[in-house]
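To be precise, the following lines are input.txt, and they hold compact mmCIF, C-alpha atoms.
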# COMPACT_ATOMS: atom_id res chain seq x y z
CA MET A 1 0.00 0.00 0.00
CA MET A 2 1.56 3.31 -1.04
CA ASN A 3 1.94 5.84 1.80
CA ARG A 4 1.52 9.61 1.56
CA ARG A 5 5.25 10.27 1.23
CA GLN A 6 5.49 7.92 -1.75
CA TRP A 7 2.53 9.60 -3.41
CA LEU A 8 4.13 13.03 -2.98
CA THR A 9 7.39 11.74 -4.36
CA LEU A 10 5.60 10.57 -7.49
CA LEU A 11 3.74 13.86 -7.87
CA ALA A 12 6.61 15.52 -9.74
CA ALA A 13 6.46 12.87 -12.43
CA GLY A 14 2.73 13.41 -12.83
CA THR A 15 3.18 17.17 -13.11
CA ALA A 16 5.36 16.75 -16.16
CA ALA A 17 2.54 14.88 -17.87
CA ALA A 18 -0.11 17.56 -17.44
CA LEU A 19 -0.57 18.19 -21.14
CA SER A 20 0.40 14.77 -22.39
CA GLY A 21 -1.83 11.87 -23.26
CA CYS A 22 0.49 9.15 -21.98
CA ASP A 23 4.02 8.66 -20.76
CA ALA A 24 5.97 8.67 -24.02
CA THR A 25 8.93 6.97 -22.36
CA HIS A 26 7.20 3.67 -21.70
CA PRO A 27 8.30 0.69 -23.78
CA ALA A 28 5.23 0.61 -25.99
CA ALA A 29 6.31 3.91 -27.49
CA ILE A 30 9.33 2.16 -28.93
CA SER A 31 8.42 -1.48 -29.36
CA GLY A 32 4.66 -1.52 -29.94
CA ALA A 33 4.28 -3.96 -27.05
CA ALA A 34 1.74 -3.59 -24.29
CA PRO A 35 3.01 -1.13 -21.63
CA ASN A 36 5.29 -3.12 -19.32
CA HIS A 37 4.36 -1.22 -16.18
CA LEU A 38 0.71 -2.09 -16.81
CA ALA A 39 1.09 -5.60 -18.20
CA LYS A 40 0.28 -7.29 -14.90
CA ARG A 41 -3.10 -5.60 -14.89
CA MET A 42 -3.86 -7.14 -18.27
CA VAL A 43 -3.10 -10.59 -16.92
CA ALA A 44 -4.60 -10.15 -13.49
CA ALA A 45 -7.85 -8.46 -14.40
CA PRO A 46 -10.77 -9.92 -12.45
CA SER A 47 -12.79 -12.66 -14.10
CA SER A 48 -16.06 -10.92 -13.27
CA PRO A 49 -16.99 -7.23 -13.22
CA VAL A 50 -16.08 -5.21 -10.14
CA LEU A 51 -18.13 -2.04 -9.79
CA PRO A 52 -16.75 -0.06 -6.83
CA THR A 53 -19.13 1.56 -4.40
CA THR A 54 -17.68 5.03 -4.94
CA ARG A 55 -19.87 7.73 -3.42
CA VAL A 56 -20.91 10.28 -6.02
CA ALA A 57 -22.60 13.64 -5.81
CA VAL A 58 -26.29 14.17 -6.48
CA PRO A 59 -28.41 15.46 -8.10
CA LEU A 60 -27.64 14.17 -11.57
CA LEU A 61 -25.57 16.11 -14.04
CA PRO A 62 -27.62 17.92 -16.70
CA ALA A 63 -28.48 16.26 -19.97
CA PRO A 64 -26.51 17.35 -23.04
CA PRO A 65 -27.88 20.33 -24.93
CA GLY A 66 -30.00 19.67 -27.94
CA GLY A 67 -29.88 21.64 -31.14
CA PRO A 68 -27.97 21.31 -34.38
CA LYS A 69 -24.67 19.46 -34.50
CA THR A 70 -21.52 20.69 -36.23
CA ARG A 71 -20.10 18.70 -39.12
CA LEU A 72 -16.42 18.04 -38.56
CA PRO A 73 -13.65 18.55 -41.08
CA ARG A 74 -11.27 15.75 -42.05
CA ARG A 75 -8.54 16.93 -39.73
CA ALA A 76 -7.46 16.70 -36.13
CA ILE A 77 -9.55 18.30 -33.42
CA THR A 78 -8.38 19.55 -30.03
CA THR A 79 -11.56 21.27 -28.84
CA LEU A 80 -15.28 20.99 -29.46
CA PRO A 81 -16.46 23.08 -32.42
CA GLY A 82 -18.40 26.29 -32.09
CA LYS A 83 -19.49 28.19 -29.02
CA GLY A 84 -21.23 26.69 -26.03
CA ASN A 85 -20.81 25.40 -22.52
CA THR A 86 -20.07 21.75 -23.17
CA LEU A 87 -17.20 19.57 -21.95
CA ALA A 88 -15.96 16.33 -23.51
CA LEU A 89 -14.14 14.24 -20.90
CA THR A 90 -12.40 11.50 -22.87
CA VAL A 91 -10.92 8.46 -21.13
CA ASP A 92 -8.05 6.46 -22.62
CA ASP A 93 -6.46 3.04 -22.26
CA GLY A 94 -8.29 0.89 -19.68
CA ALA A 95 -5.31 -0.82 -18.04
CA ASP A 96 -7.11 -1.24 -14.70
CA ALA A 97 -10.42 -3.11 -14.79
CA ASP A 98 -11.50 -1.66 -11.45
CA VAL A 99 -11.06 1.89 -12.76
CA VAL A 100 -13.08 1.08 -15.89
CA GLY A 101 -15.77 -0.34 -13.61
CA ALA A 102 -15.72 2.78 -11.47
CA TYR A 103 -16.17 5.01 -14.51
CA ILE A 104 -19.17 2.91 -15.52
CA LYS A 105 -20.66 3.35 -12.05
CA PHE A 106 -19.94 7.08 -12.19
CA ALA A 107 -21.85 7.31 -15.46
CA ARG A 108 -24.79 5.33 -14.08
CA ASP A 109 -24.99 7.32 -10.84
CA THR A 110 -24.63 10.85 -12.20
CA GLY A 111 -25.60 10.79 -15.86
CA ALA A 112 -22.02 11.72 -16.81
CA ARG A 113 -21.22 11.21 -20.47
CA PHE A 114 -17.83 9.99 -21.67
CA THR A 115 -15.97 9.07 -24.80
CA PHE A 116 -13.70 6.09 -24.06
CA PHE A 117 -10.73 5.61 -26.37
CA VAL A 118 -10.24 1.88 -26.08
CA THR A 119 -6.87 0.13 -26.06
CA ALA A 120 -8.37 -3.22 -26.93
CA ALA A 121 -5.58 -5.50 -25.66
CA TYR A 122 -6.61 -4.66 -22.10
CA SER A 123 -8.95 -7.27 -20.71
CA SER A 124 -10.94 -4.70 -18.72
CA TRP A 125 -13.10 -4.01 -21.78
CA THR A 126 -14.12 -7.66 -21.98
CA VAL A 127 -14.56 -7.93 -18.22
CA HIS A 128 -17.04 -5.05 -18.24
CA ARG A 129 -18.71 -5.75 -21.55
CA ASP A 130 -22.16 -6.51 -20.10
CA ALA A 131 -22.17 -3.41 -17.90
CA LEU A 132 -20.79 -1.10 -20.58
CA ARG A 133 -22.70 -2.20 -23.66
CA PRO A 134 -26.11 -0.77 -22.59
CA LEU A 135 -24.49 2.62 -21.97
CA VAL A 136 -22.87 2.46 -25.41
CA GLU A 137 -26.17 1.53 -27.02
CA SER A 138 -27.97 4.40 -25.28
CA GLY A 139 -25.30 6.88 -26.40
CA GLN A 140 -24.28 7.89 -22.87
CA ILE A 141 -20.81 6.42 -23.43
CA GLN A 142 -19.14 6.57 -26.83
CA LEU A 143 -16.21 4.39 -27.88
CA GLY A 144 -13.29 5.39 -30.08
CA ASN A 145 -10.17 3.62 -31.34
CA HIS A 146 -6.96 3.94 -29.32
CA THR A 147 -5.13 1.11 -31.12
CA TRP A 148 -4.64 -2.50 -30.08
CA ASN A 149 -1.74 -2.21 -27.62
CA HIS A 150 -0.71 1.44 -27.57
CA PRO A 151 2.42 1.77 -29.72
CA ALA A 152 3.80 5.03 -31.08
CA LEU A 153 2.22 4.83 -34.52
CA THR A 154 4.81 7.09 -36.12
CA LYS A 155 7.45 4.40 -35.48
CA LEU A 156 5.47 1.70 -37.31
CA SER A 157 5.12 0.79 -40.96
CA ALA A 158 1.86 1.61 -42.70
CA ALA A 159 0.91 -2.07 -42.55
CA ARG A 160 1.42 -2.24 -38.80
CA VAL A 161 -0.53 0.98 -38.25
CA ALA A 162 -3.37 -0.57 -40.21
CA ASP A 163 -3.19 -3.73 -38.10
CA GLN A 164 -3.32 -1.77 -34.85
CA LEU A 165 -6.43 0.10 -35.90
CA GLU A 166 -8.18 -2.78 -37.65
CA ARG A 167 -7.76 -5.20 -34.72
CA THR A 168 -9.37 -2.72 -32.37
CA LYS A 169 -12.08 -1.89 -34.90
CA THR A 170 -12.97 -5.57 -35.13
CA PHE A 171 -12.92 -5.95 -31.34
CA LEU A 172 -15.22 -2.97 -30.83
CA ARG A 173 -17.69 -4.20 -33.42
CA LYS A 174 -17.83 -7.74 -32.05
CA THR A 175 -17.92 -6.70 -28.39
CA PHE A 176 -20.04 -3.55 -28.40
CA GLY A 177 -21.67 -3.34 -31.82
CA VAL A 178 -19.84 -0.15 -32.81
CA ASP A 179 -16.49 0.46 -34.47
CA GLY A 180 -15.54 3.90 -33.14
CA THR A 181 -15.37 5.62 -36.51
CA PRO A 182 -14.62 8.37 -37.35
CA PHE A 183 -12.70 9.07 -34.13
CA TYR A 184 -9.28 7.69 -33.29
CA ARG A 185 -6.73 8.85 -30.76
CA PRO A 186 -3.09 8.17 -31.62
CA PRO A 187 -1.16 7.06 -28.54
CA TYR A 188 0.86 9.96 -27.06
CA GLY A 189 -0.70 12.16 -29.74
CA PHE A 190 1.96 10.92 -32.17
CA ARG A 191 0.74 11.13 -35.75
CA ASN A 192 1.94 12.15 -39.19
CA ALA A 193 0.61 12.19 -42.74
CA THR A 194 1.10 8.45 -43.18
CA VAL A 195 -0.68 7.59 -39.92
CA ASP A 196 -3.59 9.87 -40.77
CA ARG A 197 -3.85 8.44 -44.30
CA VAL A 198 -3.92 4.85 -43.08
CA ALA A 199 -6.41 5.73 -40.34
CA ALA A 200 -8.70 7.43 -42.86
CA GLU A 201 -8.56 4.35 -45.09
CA HIS A 202 -10.07 2.42 -42.18
CA GLY A 203 -12.76 5.01 -41.51
CA TYR A 204 -10.95 7.05 -38.85
CA THR A 205 -11.00 10.47 -40.46
CA VAL A 206 -10.91 12.55 -37.26
CA PRO A 207 -7.71 12.32 -35.19
CA THR A 208 -8.95 13.32 -31.76
CA LEU A 209 -6.44 15.17 -29.62
CA TRP A 210 -7.14 17.35 -26.59
CA TYR A 211 -6.64 20.69 -24.90
CA GLY A 212 -6.35 19.80 -21.24
CA SER A 213 -5.49 16.73 -19.21
CA LEU A 214 -6.15 15.15 -15.83
CA ALA A 215 -2.47 14.11 -16.07
CA ASP A 216 -3.26 10.66 -14.72
CA SER A 217 -1.61 8.38 -17.27
CA SER A 218 0.93 7.79 -14.49
CA ILE A 219 0.34 7.85 -10.73
CA VAL A 220 -0.66 11.25 -9.33
CA THR A 221 -2.31 12.35 -6.12
CA GLU A 222 -6.03 13.03 -5.94
CA GLN A 223 -5.24 16.63 -5.01
CA TYR A 224 -3.20 17.12 -8.15
CA LEU A 225 -5.86 15.50 -10.32
CA ILE A 226 -8.49 17.91 -9.00
CA GLN A 227 -6.08 20.78 -9.61
CA MET A 228 -5.93 19.72 -13.25
CA ALA A 229 -9.74 19.59 -13.41
CA HIS A 230 -9.96 23.16 -12.11
CA LYS A 231 -7.46 24.22 -14.74
CA TYR A 232 -8.87 22.44 -17.78
CA PHE A 233 -12.62 21.87 -17.27
CA ASN A 234 -13.64 24.78 -19.47
CA PRO A 235 -16.32 25.42 -22.09
CA GLN A 236 -15.81 23.48 -25.34
CA ALA A 237 -12.76 21.65 -23.99
CA ILE A 238 -11.75 18.14 -24.92
CA VAL A 239 -10.00 16.85 -21.80
CA ILE A 240 -8.06 13.59 -21.61
CA GLY A 241 -8.06 11.22 -18.64
CA HIS A 242 -7.02 7.60 -18.21
CA ALA A 243 -8.56 4.43 -16.77
CA ASN A 244 -5.22 3.20 -15.47
CA HIS A 245 -4.80 4.20 -11.81
CA PRO A 246 -7.28 4.44 -8.93
CA ALA A 247 -6.83 8.08 -7.85
CA VAL A 248 -9.60 9.31 -10.14
CA THR A 249 -12.09 6.88 -8.58
CA HIS A 250 -11.70 8.64 -5.22
CA CYS A 251 -12.64 12.13 -6.38
CA TYR A 252 -15.74 11.88 -8.55
CA ASN A 253 -17.60 14.20 -6.20
CA GLN A 254 -15.01 16.91 -6.72
CA LEU A 255 -15.13 16.47 -10.50
CA VAL A 256 -18.91 16.82 -10.41
CA ASP A 257 -18.56 19.94 -8.25
CA VAL A 258 -16.26 21.62 -10.78
CA ILE A 259 -18.60 20.76 -13.64
CA LYS A 260 -21.63 22.12 -11.80
CA GLN A 261 -19.89 25.25 -10.54
CA ARG A 262 -18.96 26.14 -14.11
CA ASN A 263 -22.38 25.24 -15.50
CA LEU A 264 -20.82 22.80 -17.95
CA SER A 265 -22.70 20.05 -19.75
CA MET A 266 -20.81 16.79 -20.28
CA VAL A 267 -21.11 15.45 -23.81
CA THR A 268 -19.78 12.67 -25.97
CA LEU A 269 -18.24 13.67 -29.30
CA ASN A 270 -21.29 12.27 -31.08
CA ASP A 271 -23.60 14.46 -28.99
CA VAL A 272 -22.37 17.64 -30.66
CA THR A 273 -20.71 16.67 -33.95
CA LEU A 274 -21.47 15.01 -37.26
CA PRO A 275 -18.84 12.95 -39.10
CA PRO A 276 -16.98 14.44 -42.07
CA VAL A 277 -18.43 13.83 -45.51

Can you present the structure in this file as structure tokens?
Amino acid sequence: MMNRRQWLTLLAAGTAAALSGCDATHPAAISGAAPNHLAKRMVAAPSSPVLPTTRVAVPLLPAPPGGPKTRLPRRAITTLPGKGNTLALTVDDGADADVVGAYIKFARDTGARFTFFVTAAYSSWTVHRDALRPLVESGQIQLGNHTWNHPALTKLSAARVADQLERTKTFLRKTFGVDGTPFYRPPYGFRNATVDRVAAEHGYTVPTLWYGSLADSSIVTEQYLIQMAHKYFNPQAIVIGHANHPAVTHCYNQLVDVIKQRNLSMVTLNDVTLPPV
């Protein structure tokens, strides 16, 4: 069990990641393998869903605004289009099945809406299939493609980029009945013309980046995570978080408080956008 001093020691590392999607130094960035520091979670994921009993704030978060949607261009996005008071909290990876389960419970309890960018090699998505699929079918949770096992796509051949995206596309379709198109998130935000071309050939015409982060791809304190929420939960922001470490599961009330104080409406990407033509 990690004590307070150890958490504070690790805080500096988390600070450096505030605007990054993932730790670009981990072995998957070089080799294309599953992240070594998370591999045990892939093997040791529970055989049945675990939905933590995290206390969450009430009343429910407001429903997404109605009205016309904005058609997206065939290029990367970092914020939601147009003017408004919406927030897209996007959640990557899924290395820890308990954290994925906690996010599902958070959505059920508060009405929160998320876009999950799925790294399909992680068993947490299969573990929680039955709990997650109804939320996907209702549109409360949207799924996007975050590759099969999180390599730096710019270091791969076009054929291997295609394999990473196609394997996850097939997994999403078979497991949840959707394929995540047109949204894909390149691990670490690493992309180039070749990566975007191959992605578009597989239906992923909108590279989805971000402008704000919970900085929780590595271990951070709950206090620091809430600090990031105060900094980046702003109108029309796309904010990136991760389902990898448990700190976020301990502060859902505080996240809800920030959202309510700023009169923000949580949305999925599909809630407010139309795919490119």

| Close residues, Pro186 in chain A itself excluded, 12 Å, all atoms listed in the file, min 6 positions apart in chain, as a VMD selection string | chain A and resid 20 to 22 24 29 76 92 to 93 117 to 119 144 to 155 161 164 to 165 192 195 to 196 198 to 199 204 206 to 210

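Distances to Ser124 in chain A were evaluated for A:Asp109, A:Glu201, A:Asp96, A:Glu222 using only C-alpha atoms, and the minimum falls at A:Asp96.
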
Here CA of Val258 in chain A and CA of Asn270 in chain A stand apart by 22.9 Å

**Request:** Pick out the closest residue to Ala229 in chain A from this set: A:Leu87, A:Phe183, A:Leu172, A:His245. Count only C-alpha atoms.
**Result:**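 For Ala229 in chain A, the nearest of the given residues is A:Leu87.
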
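Using only C-alpha atoms, the contacts of Met266 in chain A at a cut-off of 9 Å, with sequence neighbours closer than 6 positions omitted, comprise Leu61, Pro62, Ala63, Pro64, Asn85, Thr86, Leu87, Ala88, Leu89, Gly111, Ala112, Arg113, Phe114 and Ile259 of chain A.
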
Determine, for each residue of range 204-250 of chain A having at least one atom at most 7 Å from an atom of range 97-107 of chain A, the closest pair of atoms and their separation in Å to one decimal, counting all atoms listed in the file; order by chain and ascending number, as a tab-separated table.
residue	atom	partner	partner_atom	distance
A:Ala243	CA	A:Val99	CA	5.4
A:Asn244	CA	A:Val99	CA	6.6
A:His245	CA	A:Val99	CA	6.7
A:Pro246	CA	A:Val99	CA	6.0
A:Thr249	CA	A:Ala102	CA	6.2

Interatomic distance between CA of Arg129 in chain A and CA of Lys174 in chain A?
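That distance, rounded to one decimal, is 10.7 Å.
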
- Task: Measuring atom to atom with all atoms listed in the file, identify which of A:Met228, A:Ile238, A:Ala162, A:Ala95 is nearest to Leu269 in chain A.
- Result: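 The answer is A:Ile238, which sits nearest to Leu269 in chain A.
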
Find the residues around Val239 in chain A up to 7 Å (all atoms listed in the file counted), leave out those fewer than 2 positions away in its own chain, and share them as a PDB file with C-alpha atoms, keeping the file's coordinate frame.
ATOM      1  CA  ALA A  88     -15.960  16.330 -23.510  1.00  0.00           C
ATOM      2  CA  LEU A  89     -14.140  14.240 -20.900  1.00  0.00           C
ATOM      3  CA  THR A  90     -12.400  11.500 -22.870  1.00  0.00           C
ATOM      4  CA  TRP A 210      -7.140  17.350 -26.590  1.00  0.00           C
ATOM      5  CA  TYR A 211      -6.640  20.690 -24.900  1.00  0.00           C
ATOM      6  CA  GLY A 212      -6.350  19.800 -21.240  1.00  0.00           C
ATOM      7  CA  SER A 213      -5.490  16.730 -19.210  1.00  0.00           C
ATOM      8  CA  TYR A 232      -8.870  22.440 -17.780  1.00  0.00           C
ATOM      9  CA  ALA A 237     -12.760  21.650 -23.990  1.00  0.00           C
ATOM     10  CA  GLY A 241      -8.060  11.220 -18.640  1.00  0.00           C
TER      11      GLY A 241
END

Correct to one decimal, the distance CA of Gln142 in chain A-CA of Val178 in chain A is 9.0 Å

Might I get the box with edges along x, y and z of the file that holds all atoms of range 256-262 of chain A listed there, padded by 6 Å on every side, given as centre and edge lengths in Å to one decimal, as JSON?
{"center_x": -18.9, "center_y": 21.5, "center_z": -11.2, "size_x": 17.4, "size_y": 21.3, "size_z": 17.9}

Trp125 in chain A proximity check over A:Gln140, A:Thr79, A:Gln261, A:Thr175, using only C-alpha atoms: winner is A:Thr175

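Considering the residues A:Asn253, A:Thr205, A:Thr194, A:Asn263 and counting only C-alpha atoms, Pro276 in chain A has its shortest atom-to-atom contact with A:Thr205.
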
Subject >> His242 in chain A surroundings by all atoms listed in the file, 8 Å radius, close-in-sequence under 5 positions cut, as a PyMOL selection string >> reply: chain A and resi 91-94+214+216-217

* Distance query Asp130 in chain A at most 10 Å, only C-alpha atoms, self and fewer than 4 positions along chain excluded, as number ranges by chain -> A: 49, 125-126, 134-135, 175-176

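With distances taken over all atoms listed in the file, A:Ile240 is the one residue among A:Ala120, A:Ile240, A:Leu264, A:Ala131 lying closest to Tyr188 in chain A.
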